[in-house]
file entry-v5.txt (compact mmCIF, C-alpha atoms)
# COMPACT_ATOMS: atom_id res chain seq x y z
CA MET A 26 -176.54 -147.67 230.31
CA ILE A 27 -178.87 -144.77 231.06
CA LEU A 28 -179.62 -144.21 227.36
CA ASP A 29 -180.84 -147.80 227.05
CA GLN A 30 -183.52 -147.13 229.69
CA ILE A 31 -184.93 -144.03 228.00
CA ASN A 32 -188.15 -144.20 226.03
CA LYS A 33 -187.32 -144.07 222.30
CA ASP A 34 -190.05 -141.52 221.53
CA LEU A 35 -188.53 -139.24 224.16
CA LEU A 36 -185.15 -139.47 222.46
CA LEU A 37 -186.74 -138.29 219.22
CA LEU A 38 -188.45 -135.41 221.05
CA ALA A 39 -185.12 -134.51 222.66
CA GLN A 40 -183.54 -134.21 219.21
CA GLN A 41 -186.29 -131.80 218.25
CA ALA A 42 -185.67 -129.86 221.47
CA ASP A 43 -182.00 -129.31 220.65
CA SER A 44 -183.01 -127.63 217.40
CA GLN A 45 -185.89 -125.61 218.82
CA LEU A 46 -183.91 -124.36 221.84
CA ALA A 47 -180.79 -123.26 219.95
CA ASP A 48 -181.54 -119.51 220.11
CA ILE A 49 -182.40 -119.65 223.82
CA PHE A 50 -179.20 -121.56 224.55
CA THR A 51 -177.21 -118.95 222.62
CA GLU A 52 -178.53 -116.23 224.93
CA ILE A 53 -177.60 -118.30 227.98
CA ASP A 54 -174.10 -118.71 226.53
CA LYS A 55 -173.79 -114.93 226.12
CA VAL A 56 -174.62 -114.27 229.78
CA CYS A 57 -172.16 -117.00 230.81
CA LEU A 58 -169.39 -115.34 228.79
CA TYR A 59 -170.21 -111.90 230.24
CA ASN A 60 -170.14 -113.14 233.83
CA SER A 61 -167.04 -115.26 233.20
CA ASN A 62 -165.30 -112.11 231.99
CA ARG A 63 -166.27 -110.25 235.17
CA ILE A 64 -165.01 -113.04 237.42
CA LEU A 65 -161.76 -113.63 235.53
CA THR A 66 -161.04 -109.89 235.51
CA SER A 67 -161.52 -109.74 239.28
CA PHE A 68 -159.19 -112.72 239.80
CA ILE A 69 -156.50 -110.97 237.75
CA ASP A 70 -157.04 -107.54 239.35
CA ASN A 71 -156.75 -109.07 242.84
CA LYS A 72 -153.58 -110.99 241.92
CA VAL A 73 -154.79 -114.38 243.13
CA SER A 74 -151.79 -116.60 243.86
CA TYR A 75 -151.28 -120.27 244.59
CA SER A 76 -150.18 -119.22 248.08
CA ASP A 77 -153.72 -117.94 248.69
CA PHE A 78 -154.87 -121.57 248.95
CA ALA A 79 -152.82 -122.19 252.11
CA ASP A 80 -154.55 -124.03 254.95
CA ILE A 81 -155.01 -121.57 257.82
CA ASN A 82 -156.08 -123.15 261.10
CA GLY A 83 -156.69 -122.08 264.68
CA TYR A 84 -158.00 -118.56 264.96
CA GLY A 85 -157.48 -117.96 261.26
CA ASN A 86 -155.61 -114.69 261.72
CA TYR A 87 -153.82 -113.09 258.75
CA ASP A 88 -155.31 -115.03 255.83
CA PRO A 89 -154.59 -113.02 252.67
CA GLY A 90 -156.35 -115.64 250.52
CA ARG A 91 -159.58 -115.25 252.47
CA ASP A 92 -159.31 -111.47 252.16
CA LYS A 93 -158.83 -111.67 248.38
CA LEU A 94 -161.72 -114.09 248.05
CA GLU A 95 -164.01 -111.69 249.85
CA ARG A 96 -162.91 -108.77 247.69
CA ILE A 97 -163.67 -110.83 244.57
CA PHE A 98 -167.13 -111.82 245.87
CA ALA A 99 -167.81 -108.15 246.57
CA ASP A 100 -166.77 -107.29 242.99
CA VAL A 101 -168.95 -110.00 241.46
CA LEU A 102 -171.99 -109.05 243.53
CA GLY A 103 -171.61 -105.30 242.98
CA CYS A 104 -170.94 -104.56 246.65
CA GLU A 105 -168.37 -102.76 248.82
CA ASP A 106 -167.45 -105.72 251.00
CA ALA A 107 -168.28 -109.37 251.59
CA LEU A 108 -168.14 -112.09 254.22
CA VAL A 109 -167.49 -115.52 252.66
CA ARG A 110 -166.96 -118.26 255.23
CA PRO A 111 -167.20 -122.02 255.73
CA GLN A 112 -168.69 -121.20 259.14
CA ILE A 113 -171.84 -120.05 257.30
CA MET A 114 -173.36 -123.46 256.62
CA SER A 115 -176.41 -122.69 254.45
CA GLY A 116 -178.52 -119.97 252.91
CA THR A 117 -180.86 -120.06 255.90
CA ASN A 118 -177.88 -119.67 258.22
CA ALA A 119 -176.62 -116.71 256.15
CA LEU A 120 -180.05 -115.06 256.36
CA TYR A 121 -180.35 -115.60 260.11
CA LEU A 122 -176.83 -114.25 260.62
CA THR A 123 -177.71 -111.16 258.60
CA PHE A 124 -181.00 -110.48 260.35
CA SER A 125 -179.55 -110.98 263.82
CA GLY A 126 -176.49 -108.86 262.98
CA LEU A 127 -178.53 -105.91 261.73
CA LEU A 128 -181.74 -105.99 263.80
CA LYS A 129 -182.10 -105.28 267.51
CA TYR A 130 -184.92 -105.33 270.05
CA GLY A 131 -187.77 -103.08 268.90
CA ASP A 132 -186.64 -102.92 265.26
CA THR A 133 -189.13 -103.64 262.49
CA MET A 134 -188.43 -105.66 259.37
CA ILE A 135 -190.80 -106.11 256.44
CA SER A 136 -190.85 -108.85 253.83
CA LEU A 137 -191.82 -107.17 250.57
CA THR A 138 -192.47 -110.51 248.85
CA GLY A 139 -195.07 -111.95 251.23
CA THR A 140 -194.61 -115.09 253.29
CA PRO A 141 -190.99 -116.26 253.11
CA TYR A 142 -189.61 -119.68 252.23
CA ASP A 143 -190.78 -122.46 254.59
CA SER A 144 -187.46 -122.95 256.38
CA LEU A 145 -187.32 -119.24 257.30
CA GLN A 146 -190.66 -119.13 259.05
CA GLU A 147 -189.48 -120.64 262.33
CA MET A 148 -186.36 -118.49 262.17
CA ILE A 149 -188.54 -115.36 262.05
CA GLY A 150 -191.01 -116.72 264.59
CA LEU A 151 -194.04 -117.10 262.33
CA VAL A 152 -194.31 -120.75 263.41
CA GLY A 153 -192.88 -122.71 266.33
CA ASN A 154 -191.70 -121.33 269.64
CA SER A 155 -187.92 -121.17 269.34
CA SER A 156 -186.26 -119.02 271.99
CA GLN A 157 -183.78 -117.91 269.30
CA SER A 158 -186.27 -116.63 266.71
CA LEU A 159 -186.29 -112.97 265.70
CA LYS A 160 -189.69 -112.62 267.34
CA ALA A 161 -188.30 -113.98 270.61
CA TYR A 162 -185.62 -111.27 270.50
CA GLY A 163 -188.25 -108.56 270.22
CA ILE A 164 -187.90 -107.89 266.51
CA LYS A 165 -191.17 -106.92 264.83
CA TYR A 166 -192.12 -108.59 261.57
CA GLU A 167 -194.51 -107.41 258.87
CA GLN A 168 -195.11 -108.51 255.32
CA ILE A 169 -196.58 -106.98 252.19
CA ASP A 170 -197.82 -109.56 249.72
CA LEU A 171 -197.19 -109.52 246.00
CA ILE A 172 -200.18 -108.80 243.76
CA ASP A 173 -200.19 -110.93 240.59
CA ASN A 174 -196.41 -111.38 240.84
CA GLU A 175 -195.87 -107.63 241.18
CA PHE A 176 -194.70 -105.61 244.16
CA ASP A 177 -197.50 -103.71 245.89
CA GLU A 178 -195.56 -100.49 245.32
CA GLU A 179 -198.22 -98.13 246.63
CA LYS A 180 -198.53 -99.97 249.94
CA ILE A 181 -194.75 -100.35 250.27
CA ILE A 182 -194.07 -96.66 249.65
CA GLN A 183 -196.82 -95.51 252.01
CA ARG A 184 -195.52 -97.80 254.77
CA LEU A 185 -191.91 -96.68 254.38
CA LYS A 186 -192.79 -92.99 254.52
CA ASN A 187 -193.18 -93.42 258.29
CA ASN A 188 -189.40 -93.91 258.61
CA ASP A 189 -189.83 -96.47 261.40
CA VAL A 190 -188.68 -99.59 259.51
CA LYS A 191 -185.08 -100.78 259.95
CA LEU A 192 -184.89 -103.38 257.16
CA VAL A 193 -186.88 -104.60 254.19
CA GLU A 194 -186.26 -108.03 252.71
CA ILE A 195 -186.82 -109.13 249.11
CA GLN A 196 -186.80 -112.84 248.31
CA ARG A 197 -185.70 -113.00 244.69
CA SER A 198 -186.61 -116.64 244.11
CA ARG A 199 -190.07 -118.13 244.44
CA GLY A 200 -189.25 -120.71 247.12
CA TYR A 201 -192.06 -123.22 247.62
CA SER A 202 -194.70 -121.00 246.06
CA SER A 203 -196.48 -120.63 242.76
CA ARG A 204 -195.39 -117.04 242.23
CA LEU A 205 -192.78 -116.08 239.67
CA SER A 206 -189.22 -115.31 240.67
CA LEU A 207 -188.28 -111.64 240.49
CA ARG A 208 -186.16 -110.20 237.70
CA ILE A 209 -183.32 -107.86 238.53
CA SER A 210 -184.98 -105.06 236.54
CA LYS A 211 -188.14 -105.37 238.63
CA ILE A 212 -186.17 -105.24 241.89
CA ALA A 213 -184.18 -102.25 240.60
CA LYS A 214 -187.36 -100.31 239.88
CA LEU A 215 -188.65 -100.91 243.42
CA ILE A 216 -185.33 -99.98 245.05
CA SER A 217 -185.31 -96.70 243.12
CA LYS A 218 -188.82 -95.86 244.33
CA ILE A 219 -187.98 -96.77 247.93
CA ARG A 220 -184.96 -94.46 247.89
CA GLU A 221 -187.16 -91.57 246.79
CA VAL A 222 -189.06 -91.70 250.09
CA ASN A 223 -186.67 -93.40 252.53
CA LYS A 224 -182.87 -93.08 252.42
CA GLU A 225 -182.16 -94.98 255.64
CA VAL A 226 -184.01 -98.30 255.48
CA ILE A 227 -181.70 -101.27 254.83
CA ILE A 228 -182.67 -103.07 251.60
CA MET A 229 -181.70 -106.72 251.77
CA VAL A 230 -182.05 -109.25 248.94
CA ASP A 231 -182.13 -113.01 249.44
CA ASN A 232 -180.18 -113.90 246.29
CA CYS A 233 -180.34 -117.71 246.59
CA TYR A 234 -180.65 -119.51 243.23
CA GLY A 235 -180.29 -116.27 241.26
CA GLU A 236 -176.56 -115.56 241.12
CA LEU A 237 -175.05 -115.25 237.61
CA VAL A 238 -178.35 -115.99 235.87
CA GLU A 239 -178.55 -112.38 234.67
CA ASP A 240 -175.73 -109.94 233.89
CA LYS A 241 -176.34 -107.90 237.05
CA GLU A 242 -176.62 -108.78 240.74
CA PRO A 243 -178.69 -106.99 243.42
CA GLY A 244 -175.65 -105.01 244.57
CA HIS A 245 -175.36 -103.42 241.13
CA ILE A 246 -178.87 -101.98 241.40
CA GLY A 247 -178.72 -100.52 244.89
CA ALA A 248 -179.33 -103.35 247.39
CA ASP A 249 -177.55 -102.71 250.69
CA VAL A 250 -177.10 -106.38 251.59
CA VAL A 251 -177.09 -109.51 249.39
CA VAL A 252 -177.21 -113.00 250.90
CA GLY A 253 -176.71 -116.52 249.56
CA SER A 254 -175.26 -120.01 249.87
CA LEU A 255 -172.17 -121.54 248.28
CA MET A 256 -174.02 -124.84 247.88
CA LYS A 257 -176.03 -123.07 245.21
CA ASN A 258 -174.84 -121.04 242.22
CA LEU A 259 -171.68 -119.30 243.41
CA GLY A 260 -170.14 -122.52 244.76
CA GLY A 261 -170.08 -123.91 241.24
CA GLY A 262 -170.66 -127.45 242.51
CA ILE A 263 -167.15 -127.45 244.00
CA ALA A 264 -167.58 -125.64 247.34
CA SER A 265 -168.65 -128.30 249.84
CA THR A 266 -170.03 -125.85 252.40
CA GLY A 267 -170.23 -122.13 253.06
CA GLY A 268 -172.28 -119.04 252.48
CA TYR A 269 -171.83 -115.36 251.81
CA VAL A 270 -173.14 -111.96 252.83
CA ALA A 271 -172.14 -108.96 250.71
CA GLY A 272 -173.03 -105.31 250.93
CA LYS A 273 -172.10 -101.96 252.40
CA LYS A 274 -168.90 -102.06 254.41
CA GLU A 275 -170.43 -100.88 257.70
CA LEU A 276 -173.24 -103.43 257.46
CA ILE A 277 -170.84 -106.30 256.71
CA ALA A 278 -168.79 -105.20 259.73
CA SER A 279 -171.87 -105.55 261.98
CA ILE A 280 -172.70 -108.96 260.53
CA ALA A 281 -169.09 -110.11 260.94
CA ASP A 282 -169.20 -109.04 264.60
CA ARG A 283 -172.27 -111.24 265.00
CA LEU A 284 -170.47 -114.19 263.39
CA THR A 285 -167.34 -113.91 265.52
CA ALA A 286 -167.40 -111.27 268.26
CA PRO A 287 -167.36 -107.46 268.54
CA GLY A 288 -163.81 -106.25 268.09
CA ILE A 289 -162.86 -109.34 266.07
CA GLY A 290 -165.21 -109.14 263.12
CA LYS A 291 -163.70 -110.34 259.85
CA GLU A 292 -160.21 -110.77 261.24
CA GLN A 293 -160.74 -114.33 262.48
CA GLY A 294 -162.22 -117.49 261.06
CA ALA A 295 -160.09 -120.42 259.93
CA ASN A 296 -160.68 -121.46 256.34
CA PHE A 297 -160.47 -125.23 257.06
CA ASN A 298 -158.50 -125.59 253.82
CA GLN A 299 -161.53 -124.39 251.82
CA ASN A 300 -159.94 -121.43 250.03
CA ASN A 301 -159.01 -123.47 246.97
CA ALA A 302 -162.53 -124.90 246.66
CA PHE A 303 -164.13 -121.48 247.15
CA PHE A 304 -161.92 -119.80 244.53
CA LYS A 305 -162.35 -122.67 242.07
CA GLY A 306 -166.09 -122.90 242.70
CA LEU A 307 -166.59 -119.22 241.96
CA PHE A 308 -164.36 -119.50 238.88
CA VAL A 309 -166.48 -122.29 237.33
CA ALA A 310 -169.79 -120.95 238.63
CA PRO A 311 -170.87 -119.23 235.38
CA ASN A 312 -170.54 -122.52 233.53
CA ALA A 313 -172.36 -124.47 236.27
CA VAL A 314 -175.20 -121.94 236.16
CA LYS A 315 -175.27 -122.26 232.37
CA GLY A 316 -175.65 -126.03 232.70
CA ALA A 317 -178.43 -125.63 235.24
CA LEU A 318 -180.29 -123.13 233.06
CA LYS A 319 -180.09 -125.28 229.93
CA THR A 320 -181.28 -128.28 231.94
CA ALA A 321 -184.25 -126.26 233.22
CA VAL A 322 -185.15 -124.97 229.74
CA PHE A 323 -184.92 -128.49 228.29
CA SER A 324 -187.07 -129.86 231.12
CA ALA A 325 -189.74 -127.24 230.54
CA TYR A 326 -189.77 -127.89 226.79
CA MET A 327 -190.13 -131.64 227.19
CA LEU A 328 -192.82 -131.37 229.83
CA GLU A 329 -194.84 -128.89 227.79
CA LYS A 330 -194.64 -131.06 224.68
CA LEU A 331 -195.81 -134.03 226.75
CA GLY A 332 -198.95 -132.16 227.78
CA PHE A 333 -198.05 -130.81 231.23
CA THR A 334 -199.54 -127.32 230.99
CA ASN A 335 -198.68 -125.95 234.45
CA VAL A 336 -194.95 -125.55 233.83
CA SER A 337 -193.19 -122.49 235.26
CA PRO A 338 -191.23 -120.84 233.82
CA LYS A 339 -192.32 -121.88 230.32
CA TYR A 340 -189.40 -123.05 228.21
CA ASN A 341 -189.23 -119.73 226.33
CA ASP A 342 -189.82 -117.43 229.35
CA TYR A 343 -187.14 -115.06 230.64
CA ARG A 344 -185.33 -116.58 233.64
CA THR A 345 -183.85 -114.96 236.71
CA ASP A 346 -183.01 -118.08 238.72
CA ILE A 347 -182.34 -121.78 238.19
CA ILE A 348 -185.62 -123.11 239.62
CA GLN A 349 -188.08 -124.99 237.41
CA THR A 350 -191.51 -126.11 238.57
CA VAL A 351 -194.17 -128.38 237.12
CA GLU A 352 -197.50 -129.66 238.37
CA LEU A 353 -197.42 -133.40 237.68
CA GLY A 354 -201.06 -134.06 238.44
CA SER A 355 -200.79 -137.07 240.72
CA GLU A 356 -198.73 -138.49 243.57
CA SER A 357 -197.73 -141.39 241.33
CA ASN A 358 -196.28 -139.08 238.66
CA LEU A 359 -194.53 -137.02 241.33
CA VAL A 360 -192.88 -140.01 242.99
CA ASN A 361 -191.95 -141.74 239.72
CA PHE A 362 -190.35 -138.62 238.26
CA THR A 363 -188.37 -137.99 241.44
CA GLN A 364 -187.23 -141.61 241.54
CA GLY A 365 -186.00 -141.22 237.94
CA ILE A 366 -183.88 -138.22 238.94
CA GLN A 367 -182.41 -140.19 241.85
CA GLN A 368 -181.69 -143.28 239.76
CA SER A 369 -179.75 -141.18 237.24
CA SER A 370 -177.70 -139.40 239.91
CA PRO A 371 -173.96 -140.05 240.22
CA ILE A 372 -174.25 -140.58 243.99
CA ASP A 373 -176.76 -142.87 245.75
CA SER A 374 -178.41 -143.88 242.49
CA PHE A 375 -179.51 -147.10 244.19
CA VAL A 376 -181.62 -145.25 246.79
CA HIS A 377 -185.38 -145.70 246.31
CA VAL A 378 -186.84 -142.33 247.31
CA LEU A 379 -190.31 -142.20 248.88
CA PRO A 380 -192.41 -139.51 250.57
CA ALA A 381 -191.30 -138.88 254.16
CA PRO A 382 -191.35 -136.21 256.88
CA MET A 383 -188.53 -133.66 256.70
CA PRO A 384 -187.42 -131.26 259.48
CA GLY A 385 -188.52 -127.68 258.85
CA TYR A 386 -191.27 -128.58 256.39
CA PRO A 387 -195.00 -128.91 257.22
CA PHE A 388 -195.81 -131.80 254.83
CA ASP A 389 -194.24 -135.07 253.76
CA GLU A 390 -191.58 -134.42 251.12
CA VAL A 391 -190.23 -136.50 248.29
CA MET A 392 -186.70 -135.54 247.33
CA ALA A 393 -184.03 -136.63 244.86
CA CYS A 394 -180.56 -135.27 245.47
CA GLY A 395 -177.79 -137.66 244.47
CA SER A 396 -175.12 -134.98 244.78
CA PHE A 397 -171.42 -134.96 245.62
CA THR A 398 -172.17 -132.41 248.36
CA GLN A 399 -175.10 -133.08 250.65
CA GLY A 400 -177.85 -130.57 249.98
CA SER A 401 -176.10 -129.02 246.98
CA THR A 402 -178.76 -127.49 244.74
CA ILE A 403 -176.49 -126.36 241.93
CA GLU A 404 -176.23 -130.10 241.32
CA LEU A 405 -179.45 -131.49 239.86
CA SER A 406 -182.08 -132.09 242.50
CA ALA A 407 -185.85 -132.33 242.63
CA ASP A 408 -188.19 -132.14 245.59
CA ALA A 409 -191.81 -131.49 246.39
CA PRO A 410 -194.37 -131.45 249.16
CA VAL A 411 -196.62 -134.46 248.61
CA ILE A 412 -199.87 -132.51 248.42
CA GLU A 413 -202.06 -131.32 245.57
CA PRO A 414 -201.38 -130.02 242.96
CA TYR A 415 -198.21 -132.19 243.24
CA ARG A 416 -195.94 -129.35 242.20
CA LEU A 417 -192.33 -130.43 241.74
CA PHE A 418 -189.41 -128.05 242.19
CA MET A 419 -186.24 -128.77 240.23
CA GLN A 420 -182.97 -126.93 240.23
CA GLY A 421 -179.36 -127.42 239.22
CA GLY A 422 -177.45 -129.54 236.76
CA LEU A 423 -173.68 -129.16 236.62
CA SER A 424 -173.71 -129.81 232.89
CA TYR A 425 -176.46 -129.85 230.30
CA GLU A 426 -175.50 -133.35 229.15
CA TYR A 427 -175.85 -134.91 232.61
CA GLY A 428 -179.02 -132.94 233.29
CA LYS A 429 -180.53 -134.03 229.98
CA LEU A 430 -179.93 -137.71 230.74
CA SER A 431 -181.60 -137.38 234.15
CA ILE A 432 -184.64 -135.55 232.83
CA LEU A 433 -185.12 -138.11 230.05
CA LEU A 434 -184.96 -141.02 232.49
CA ALA A 435 -187.37 -139.29 234.89
CA LEU A 436 -189.86 -138.69 232.07
CA SER A 437 -189.47 -142.30 230.93
CA LYS A 438 -190.45 -143.43 234.44
CA ILE A 439 -193.73 -141.55 234.10
CA ILE A 440 -194.46 -142.72 230.56
CA ASN A 441 -193.55 -146.36 231.24
CA LYS A 442 -195.73 -146.47 234.35

call {"tool": "encode", "arguments": {"input": "entry-v5.txt", "output": "structure tokens"}}
result
Amino acid sequence: MILDQINKDLLLLAQQADSQLADIFTEIDKVCLYNSNRILTSFIDNKVSYSDFADINGYGNYDPGRDKLERIFADVLGCEDALVRPQIMSGTNALYLTFSGLLKYGDTMISLTGTPYDSLQEMIGLVGNSSQSLKAYGIKYEQIDLIDNEFDEEKIIQRLKNNDVKLVEIQRSRGYSSRLSLRISKIAKLISKIREVNKEVIIMVDNCYGELVEDKEPGHIGADVVVGSLMKNLGGGIASTGGYVAGKKELIASIADRLTAPGIGKEQGANFNQNNAFFKGLFVAPNAVKGALKTAVFSAYMLEKLGFTNVSPKYNDYRTDIIQTVELGSESNLVNFTQGIQQSSPIDSFVHVLPAPMPGYPFDEVMACGSFTQGSTIELSADAPVIEPYRLFMQGGLSYEYGKLSILLALSKIINK
């Protein structure tokens, strides 16, 4: 039994946590109810039927279920249209599809949140020499770094006054960095200022890890394109593949042409019998996000009480995504904690995780991800580059109860060692 392996002092601290975190958990519950209401209303308004789950093969022509699903995603994300497909295999794939569908030779894109997530750097052409990178296709890249976790608004506005930038990209979540993730209100303020000086630039938000954490999405506050993966929040732990791009109708049409072919666009794309999983995943997504958030808050509380000071967000900080980080101070702590997460996973609990090279990452990584879907990060996972300051990144947890058990075992591994 997992409970039998948990340090008894930790169990007492966990009881204290449940009492101390009650008000925070109540606020998380309120957001879950609000977003559940939005999703259920959209299901009802779009008249979802059992027949919409039919397996459509071949070219995938005439799939009313797929069309309804994409209308619902557009509703939920505050957008005009959406592309939700099993052919989009990851968040990185969704981002590359979006960039390559909207940018052409000679166009300029700017990252407004500094250097992007590690796995995007080769895609852009910042590292490596891929013949398929944006740089190889003649697309110009610039970036404007954050200053103390704030947008450099003055520099951004001055640059965009030239009206020679096709697209700006905002990465909502921190990725593998020490910066804070960006609240919807902060992004909204920047979008409003950009529109005062430039009406034409495409504003794109990488929404990975942030969906349904707040009561608004980037589409509600003026983003032109919103991108994410169904193996994160909006898949609810049920979608086994897939990604989405939502936004203005004409932009989604261009991206759909890039996915299939000009003249075909959204009309083709077999669902591989995934409609049921995509509908169901979205339906349960608010509750899955709630579980992930409560797991993250509990983790932060326990770590802080155990003396780990570099915890971000702090347990009582406002949250805009499901990512939790902590600096564990040593390689031993990092590996032991990660092994505890793996050993309390429902899948591959017997695997003994160790630092190892990983494609797309510059350092050895240690990773725990005993999930039902490979790479699913709405299910509890933890990973880190094995370099100082030994900062661990955690995300997910389909339910608070399962997440709590895993965190307690992982902490016991550190304490017992």

call {"tool": "closest_atom_pairs", "arguments": {"input": "entry-v5.txt", "of": "range 225-310 of chain A", "to": "range 418-436 of chain A", "cutoff": "9 Å", "atoms": "only C-alpha atoms", "output": "CSV"}}
result
residue,atom,partner,partner_atom,distance
A:Tyr234,CA,A:Gln420,CA,8.3
A:Lys257,CA,A:Gly421,CA,8.1
A:Asn258,CA,A:Gly421,CA,8.4
A:Gly261,CA,A:Leu423,CA,7.9
A:Gly262,CA,A:Leu423,CA,6.8

call {"tool": "closest_atom_pairs", "arguments": {"input": "entry-v5.txt", "of": "range 143-244 of chain A", "to": "range 37-59 of chain A", "cutoff": "10 Å", "atoms": "all atoms listed in the file", "output": "CSV"}}
result
residue,atom,partner,partner_atom,distance
A:Leu237,CA,A:Cys57,CA,7.6
A:Val238,CA,A:Val56,CA,7.3
A:Glu239,CA,A:Val56,CA,6.6
A:Asp240,CA,A:Val56,CA,6.1
A:Lys241,CA,A:Val56,CA,9.8

call {"tool": "atom_distance", "arguments": {"input": "entry-v5.txt", "atom1": "CA of Val360 in chain A", "atom2": "CA of Ser324 in chain A"}}
result
16.7 Å

call {"tool": "closest_residue", "arguments": {"input": "entry-v5.txt", "among": "A:Asn86, A:Ser125, A:Asn188, A:Ser206", "to": "Thr138 in chain A", "atoms": "only C-alpha atoms"}}
result
A:Ser206

call {"tool": "residues_around", "arguments": {"input": "entry-v5.txt", "residues": "range 165-174 of chain A", "least_positions_apart": "2", "cutoff": "10 Å", "atoms": "only C-alpha atoms", "output": "PyMOL selection string"}}
result
chain A and resi 128-141+149-151+159-163+176-178+180-181+184+190-194+199+203-207

call {"tool": "write_last_selection", "arguments": {"input": "entry-v5.txt", "atoms": "C-alpha atoms", "output": "compact mmCIF listing (two decimals), in the coordinates of the input"}}
result
# COMPACT_ATOMS: atom_id res chain seq x y z
CA LEU A 128 -181.74 -105.99 263.80
CA LYS A 129 -182.10 -105.28 267.51
CA TYR A 130 -184.92 -105.33 270.05
CA GLY A 131 -187.77 -103.08 268.90
CA ASP A 132 -186.64 -102.92 265.26
CA THR A 133 -189.13 -103.64 262.49
CA MET A 134 -188.43 -105.66 259.37
CA ILE A 135 -190.80 -106.11 256.44
CA SER A 136 -190.85 -108.85 253.83
CA LEU A 137 -191.82 -107.17 250.57
CA THR A 138 -192.47 -110.51 248.85
CA GLY A 139 -195.07 -111.95 251.23
CA THR A 140 -194.61 -115.09 253.29
CA PRO A 141 -190.99 -116.26 253.11
CA ILE A 149 -188.54 -115.36 262.05
CA GLY A 150 -191.01 -116.72 264.59
CA LEU A 151 -194.04 -117.10 262.33
CA LEU A 159 -186.29 -112.97 265.70
CA LYS A 160 -189.69 -112.62 267.34
CA ALA A 161 -188.30 -113.98 270.61
CA TYR A 162 -185.62 -111.27 270.50
CA GLY A 163 -188.25 -108.56 270.22
CA PHE A 176 -194.70 -105.61 244.16
CA ASP A 177 -197.50 -103.71 245.89
CA GLU A 178 -195.56 -100.49 245.32
CA LYS A 180 -198.53 -99.97 249.94
CA ILE A 181 -194.75 -100.35 250.27
CA ARG A 184 -195.52 -97.80 254.77
CA VAL A 190 -188.68 -99.59 259.51
CA LYS A 191 -185.08 -100.78 259.95
CA LEU A 192 -184.89 -103.38 257.16
CA VAL A 193 -186.88 -104.60 254.19
CA GLU A 194 -186.26 -108.03 252.71
CA ARG A 199 -190.07 -118.13 244.44
CA SER A 203 -196.48 -120.63 242.76
CA ARG A 204 -195.39 -117.04 242.23
CA LEU A 205 -192.78 -116.08 239.67
CA SER A 206 -189.22 -115.31 240.67
CA LEU A 207 -188.28 -111.64 240.49

call {"tool": "closest_residue", "arguments": {"input": "entry-v5.txt", "among": "A:Leu120, A:Val152, A:Leu284, A:Leu65", "to": "Gln196 in chain A", "atoms": "all atoms listed in the file"}}
result
A:Leu120

call {"tool": "closest_residue", "arguments": {"input": "entry-v5.txt", "among": "A:Phe68, A:Tyr201, A:Phe303, A:Phe124", "to": "Arg110 in chain A", "atoms": "only C-alpha atoms"}}
result
A:Phe303

call {"tool": "residues_around", "arguments": {"input": "entry-v5.txt", "residues": "Glu390 in chain A", "least_positions_apart": "2", "cutoff": "8 Å", "atoms": "all atoms listed in the file", "output": "PyMOL selection string"}}
result
chain A and resi 380-383+386+388+392+408-411

call {"tool": "write_last_selection", "arguments": {"input": "entry-v5.txt", "atoms": "C-alpha atoms", "output": "mmCIF file, in the coordinates of the input"}}
result
data_model
loop_
_atom_site.group_PDB
_atom_site.id
_atom_site.type_symbol
_atom_site.label_atom_id
_atom_site.label_comp_id
_atom_site.auth_asym_id
_atom_site.auth_seq_id
_atom_site.Cartn_x
_atom_site.Cartn_y
_atom_site.Cartn_z
ATOM 1 C CA PRO A 380 -192.410 -139.510 250.570
ATOM 2 C CA ALA A 381 -191.300 -138.880 254.160
ATOM 3 C CA PRO A 382 -191.350 -136.210 256.880
ATOM 4 C CA MET A 383 -188.530 -133.660 256.700
ATOM 5 C CA TYR A 386 -191.270 -128.580 256.390
ATOM 6 C CA PHE A 388 -195.810 -131.800 254.830
ATOM 7 C CA MET A 392 -186.700 -135.540 247.330
ATOM 8 C CA ASP A 408 -188.190 -132.140 245.590
ATOM 9 C CA ALA A 409 -191.810 -131.490 246.390
ATOM 10 C CA PRO A 410 -194.370 -131.450 249.160
ATOM 11 C CA VAL A 411 -196.620 -134.460 248.610
#

call {"tool": "atom_distance", "arguments": {"input": "entry-v5.txt", "atom1": "CA of Lys186 in chain A", "atom2": "CA of Ile246 in chain A"}}
result
21.1 Å

call {"tool": "closest_residue", "arguments": {"input": "entry-v5.txt", "among": "A:Lys438, A:Lys273, A:Lys224, A:Arg197", "to": "Cys104 in chain A", "atoms": "all atoms listed in the file"}}
result
A:Lys273

call {"tool": "atom_distance", "arguments": {"input": "entry-v5.txt", "atom1": "CA of Phe362 in chain A", "atom2": "CA of Gln30 in chain A"}}
result
13.9 Å

call {"tool": "closest_residue", "arguments": {"input": "entry-v5.txt", "among": "A:Gln146, A:Ser406, A:Val252, A:Thr345", "to": "Ile195 in chain A", "atoms": "only C-alpha atoms"}}
result
A:Val252

call {"tool": "closest_residue", "arguments": {"input": "entry-v5.txt", "among": "A:Leu276, A:Ile228, A:Val222, A:Ala302", "to": "Phe78 in chain A", "atoms": "only C-alpha atoms"}}
result
A:Ala302

call {"tool": "residues_near_point", "arguments": {"input": "entry-v5.txt", "point": "(-167.3, -121.7, 239.8)", "cutoff": "12 Å", "atoms": "only C-alpha atoms", "output": "PyMOL selection string"}}
result
chain A and resi 57+60-61+64-65+98+101+236-237+255-264+301-316+403+423

call {"tool": "residues_around", "arguments": {"input": "entry-v5.txt", "residues": "Asn118 in chain A", "least_positions_apart": "4", "cutoff": "9 Å", "atoms": "all atoms listed in the file", "output": "number ranges by chain"}}
result
A: 113-114, 122-123, 254, 268
